[in-house]
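Let me begin by presenting the structure, written as C-alpha cells, before commenting on it.
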Amino acid sequence: MKKSFVLFILISIMWFASAQVNACTTCIIAGKATKDGRPLLLKNRDSDELQNKLMYFNDGTFPYIGLVNSTDSIGKEVWGGFNTTGFAIINSASYNIKRNDTTKLSDREGELMKAALKSCSTVADFEKLLKELPKPLGVEANFGVIDASGGAAYFETGNYSYVKYDVNDPVVAPNGYLIRTNYSCSGIEDKGAGYIRYTTAQELFKERNNEEKFDYSFLLNGVCRSLKHSLTKTDLTKDLPENLSDTKYVWFQDYIPRPLSAAAIIFQGVKKGEDPMLSTMWSVIGFPLTSVVVPVWITKNGSMPQVLVASKNGNSPLCEMSLKLKARVLSDFQGRGDKYMDISKLMNKSGTGIRQKLSKIEKEIIRKGKDNIKARRNSKITDAGIEAYYSWVDKYIQESFKGLLE
C-alpha cells in the first residue's frame, strides 16, 4: 500500500513538471567555451502559445528584433530578442523563487524583456534596470543576457530582488556555461520544475565538453532537438522503425523538445571589438522538430524573411507549416492527445521521416547563411546582400515545404 502511494506521488510530481506551459530550457555559453570565441544564448521555448513570429521594433533607444506571440499584434511582450548594440536576452519561467510573497502582479516577463531590449546595451545596464524598475516587478524567472563586450549572466529574478550568476566567473561556471530550466538555484530547494530536462541538458553538455568546444550547431541539433531522456535513459534515435508504414508510438514527455515547444532561438554574439551588428539570431519558428532554422540579422530598415513574420492572418508562414507537419508526428492516440509520438513519421531507417527531409532543406539554408556571415565579417556584403538572402530563403522554404505538405 505504501509503495503504491509513493508511486502515485512520484507520478503526480512528474505530471506537474511536464504540465508547466511556460517551461523553457535555456543556456548561456561564454565566449571562452565556444569554437569561435563568440558567446551563445539559447532558449527552447515551451508555451501554450504555439503560433510565434518575429517582429522588428524601433520604439526605444535601440532598434531590436524579438520573438512574439502571433496573437500579440502590437508586440507588447517579447519572449527573447537582440538589439543593435549586441545585447540579447531570454528567459525561463521559475517556479521556486517566491518566499512568503503574496503579490498578485505576475506574468510581466515579456514586458520586462521588451523594456530591456529598448534601453540596454550591456549586462550592467540590465542589472541597473532591474534595480531601478518599480517594485513589485511581476516576474518569477531566470533571465539570461549577453552583450558585445563578452558579458554573460543569469539573473534569477523575483518581484523584489534577484541573484546574479556571472558565466565568465570560473567559480560560478567552471566550464564556461550555465543551464536553466524552470527552477532557480537560489530558490526554494526541491521546488519548481524542469529537473529532468536540466539533467538531460547537463549530460549533453558534459558529453560534448569532453570532445570539443561548443557552437550554435550543437545547441540547435544536439540540445533543442535531442531525443535523449536522462531519467528513462531513452534515446529515440536508436532502434528506428524501418519506414513510414512501420508505426511506432512512443511516450513523449519531459524531453527537451516537448509537445508544447513553440520555437527555439539561439543568439550568437560577437567578439570584443567586433561590430555588434554582426550578431546573429538563429531562429527556429514553430515546433523545433518539424521546422528549420533561419539566421537573422538586424538591418537598417528592419527587413526580415517574410516566412518568419506575420502574414495577413497574423501568423508566421513557417510556423503554420511547421505545425501542420507536427500534427502528423504528434496526434491523438486513444484520447491521450499529444502525449505520444509516432517516431516513424519523424525518423526511420529509410530516411523518409519529416525531420530527415527537413535536415536536407536546412543544410542549404545554413550553408548560404554562413556564407553571408563570413562576407559580412569581412565587410564584403551590405544590407542589400542580406535582403537578397532573405528573399531566397522565403522562396526556398515555401517551395520546399510545399512538397512536404502535399
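Residues are named by chain letter and number: chains run A, B, ... in the order of the C-alpha cells, numbers start at 1 in each chain, and ligands are numbered from 1 in the order shown.
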Item to check | stretch 141-361 of chain A: residues DSSP assigns to alpha helix (DSSP H), reported as a ChimeraX atom specification | outcome: /A:195-209,216-217,317-329,343-346,354-361
Please dump the current selection as a PDB file, in the first residue's frame; keep C-alpha atoms.
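Done, and the output landed in part.pdb:
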ATOM      1  CA  TYR A 195      14.648  18.892 -13.301  1.00  0.00           C
ATOM      2  CA  ILE A 196      14.618  16.082 -15.852  1.00  0.00           C
ATOM      3  CA  ARG A 197      15.295  18.449 -18.749  1.00  0.00           C
ATOM      4  CA  TYR A 198      18.026  20.166 -16.731  1.00  0.00           C
ATOM      5  CA  THR A 199      19.764  16.841 -16.083  1.00  0.00           C
ATOM      6  CA  THR A 200      19.418  15.854 -19.729  1.00  0.00           C
ATOM      7  CA  ALA A 201      20.980  19.138 -20.850  1.00  0.00           C
ATOM      8  CA  GLN A 202      23.799  18.773 -18.316  1.00  0.00           C
ATOM      9  CA  GLU A 203      24.591  15.309 -19.645  1.00  0.00           C
ATOM     10  CA  LEU A 204      24.547  16.538 -23.249  1.00  0.00           C
ATOM     11  CA  PHE A 205      26.869  19.443 -22.390  1.00  0.00           C
ATOM     12  CA  LYS A 206      29.254  17.258 -20.417  1.00  0.00           C
ATOM     13  CA  GLU A 207      29.477  14.729 -23.228  1.00  0.00           C
ATOM     14  CA  ARG A 208      30.194  17.493 -25.757  1.00  0.00           C
ATOM     15  CA  ASN A 209      32.647  19.265 -23.456  1.00  0.00           C
ATOM     16  CA  TYR A 216      25.404  27.056 -32.360  1.00  0.00           C
ATOM     17  CA  SER A 217      25.029  23.785 -34.276  1.00  0.00           C
ATOM     18  CA  PRO A 317       4.035  31.133 -42.563  1.00  0.00           C
ATOM     19  CA  LEU A 318       6.914  28.934 -41.382  1.00  0.00           C
ATOM     20  CA  CYS A 319       5.252  28.426 -38.009  1.00  0.00           C
ATOM     21  CA  GLU A 320       1.986  27.415 -39.656  1.00  0.00           C
ATOM     22  CA  MET A 321       3.717  24.936 -41.959  1.00  0.00           C
ATOM     23  CA  SER A 322       5.697  23.532 -39.053  1.00  0.00           C
ATOM     24  CA  LEU A 323       2.543  22.927 -37.003  1.00  0.00           C
ATOM     25  CA  LYS A 324       0.912  21.103 -39.911  1.00  0.00           C
ATOM     26  CA  LEU A 325       3.876  18.734 -40.062  1.00  0.00           C
ATOM     27  CA  LYS A 326       3.867  18.410 -36.285  1.00  0.00           C
ATOM     28  CA  ALA A 327       0.274  17.145 -36.445  1.00  0.00           C
ATOM     29  CA  ARG A 328       1.488  14.155 -38.456  1.00  0.00           C
ATOM     30  CA  VAL A 329       4.030  13.248 -35.796  1.00  0.00           C
ATOM     31  CA  ILE A 343       8.553   8.124 -34.342  1.00  0.00           C
ATOM     32  CA  SER A 344       8.317   6.541 -37.808  1.00  0.00           C
ATOM     33  CA  LYS A 345       6.849   9.775 -39.188  1.00  0.00           C
ATOM     34  CA  LEU A 346       9.730  11.786 -37.725  1.00  0.00           C
ATOM     35  CA  ILE A 354       9.902  14.551 -41.716  1.00  0.00           C
ATOM     36  CA  ARG A 355      12.970  15.502 -39.667  1.00  0.00           C
ATOM     37  CA  GLN A 356      15.264  13.733 -42.116  1.00  0.00           C
ATOM     38  CA  LYS A 357      13.775  15.550 -45.101  1.00  0.00           C
ATOM     39  CA  LEU A 358      13.881  18.891 -43.285  1.00  0.00           C
ATOM     40  CA  SER A 359      17.544  18.375 -42.415  1.00  0.00           C
ATOM     41  CA  LYS A 360      18.433  18.409 -46.106  1.00  0.00           C
ATOM     42  CA  ILE A 361      16.487  21.643 -46.600  1.00  0.00           C
TER      43      ILE A 361
END
Item to check | Close residues, A:Glu242 itself excluded, 8 Å, only C-alpha atoms, min 5 positions apart in chain, as a PyMOL selection string | outcome: chain A and resi 344+348-350
Item to check | atom CA of A:Lys233 to atom CA of A:Glu189, straight-line distance in Å | outcome: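 We find that atom CA of A:Glu189 and atom CA of A:Lys233 lie 24.7 Å from each other.
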Item to check | Residues within 8 Å of A:Leu308, only C-alpha atoms, excluding chain neighbours under 2 positions, as a PyMOL selection string | outcome: chain A and resi 53-54+285+304-306+310+316-319
Checklist entry - Any idea what's packed within 7 Å of stretch 87-96 of chain A, counting only C-alpha atoms, ignoring anything in its chain fewer than 4 positions away? Could you give it as a VMD selection string? => result chain A and resid 22 to 26 43 79 to 83 113 120 to 122 140 to 148 181 to 184 187 to 188 191 to 193 267
Next on the checklist: As an exercise, work out the distance from atom CA of A:Ser73 to atom CA of A:Tyr56 in Å and give it to one decimal place.
Outcome noted: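 If I compute the distance from atom CA of A:Ser73 to atom CA of A:Tyr56, I get 12.1 Å.
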Checklist entry - How many Å separate atom CA of A:Asp166 from atom CA of A:Tyr154? => result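 Spanning atom CA of A:Asp166 to atom CA of A:Tyr154 is a straight-line distance of 6.6 Å.
Counting only C-alpha atoms, the residue from A:Tyr255, A:Trp282, A:Phe126, A:Phe218 that sits nearest to A:Leu236 is A:Tyr255.
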Next on the checklist: Please extract the residues of stretch 173-257 of chain A with a backbone DSSP assignment of strand (DSSP E or B) and present them as a ChimeraX atom specification.
Outcome noted: /A:177-180,182,193,214,228-229,234-235,249-251
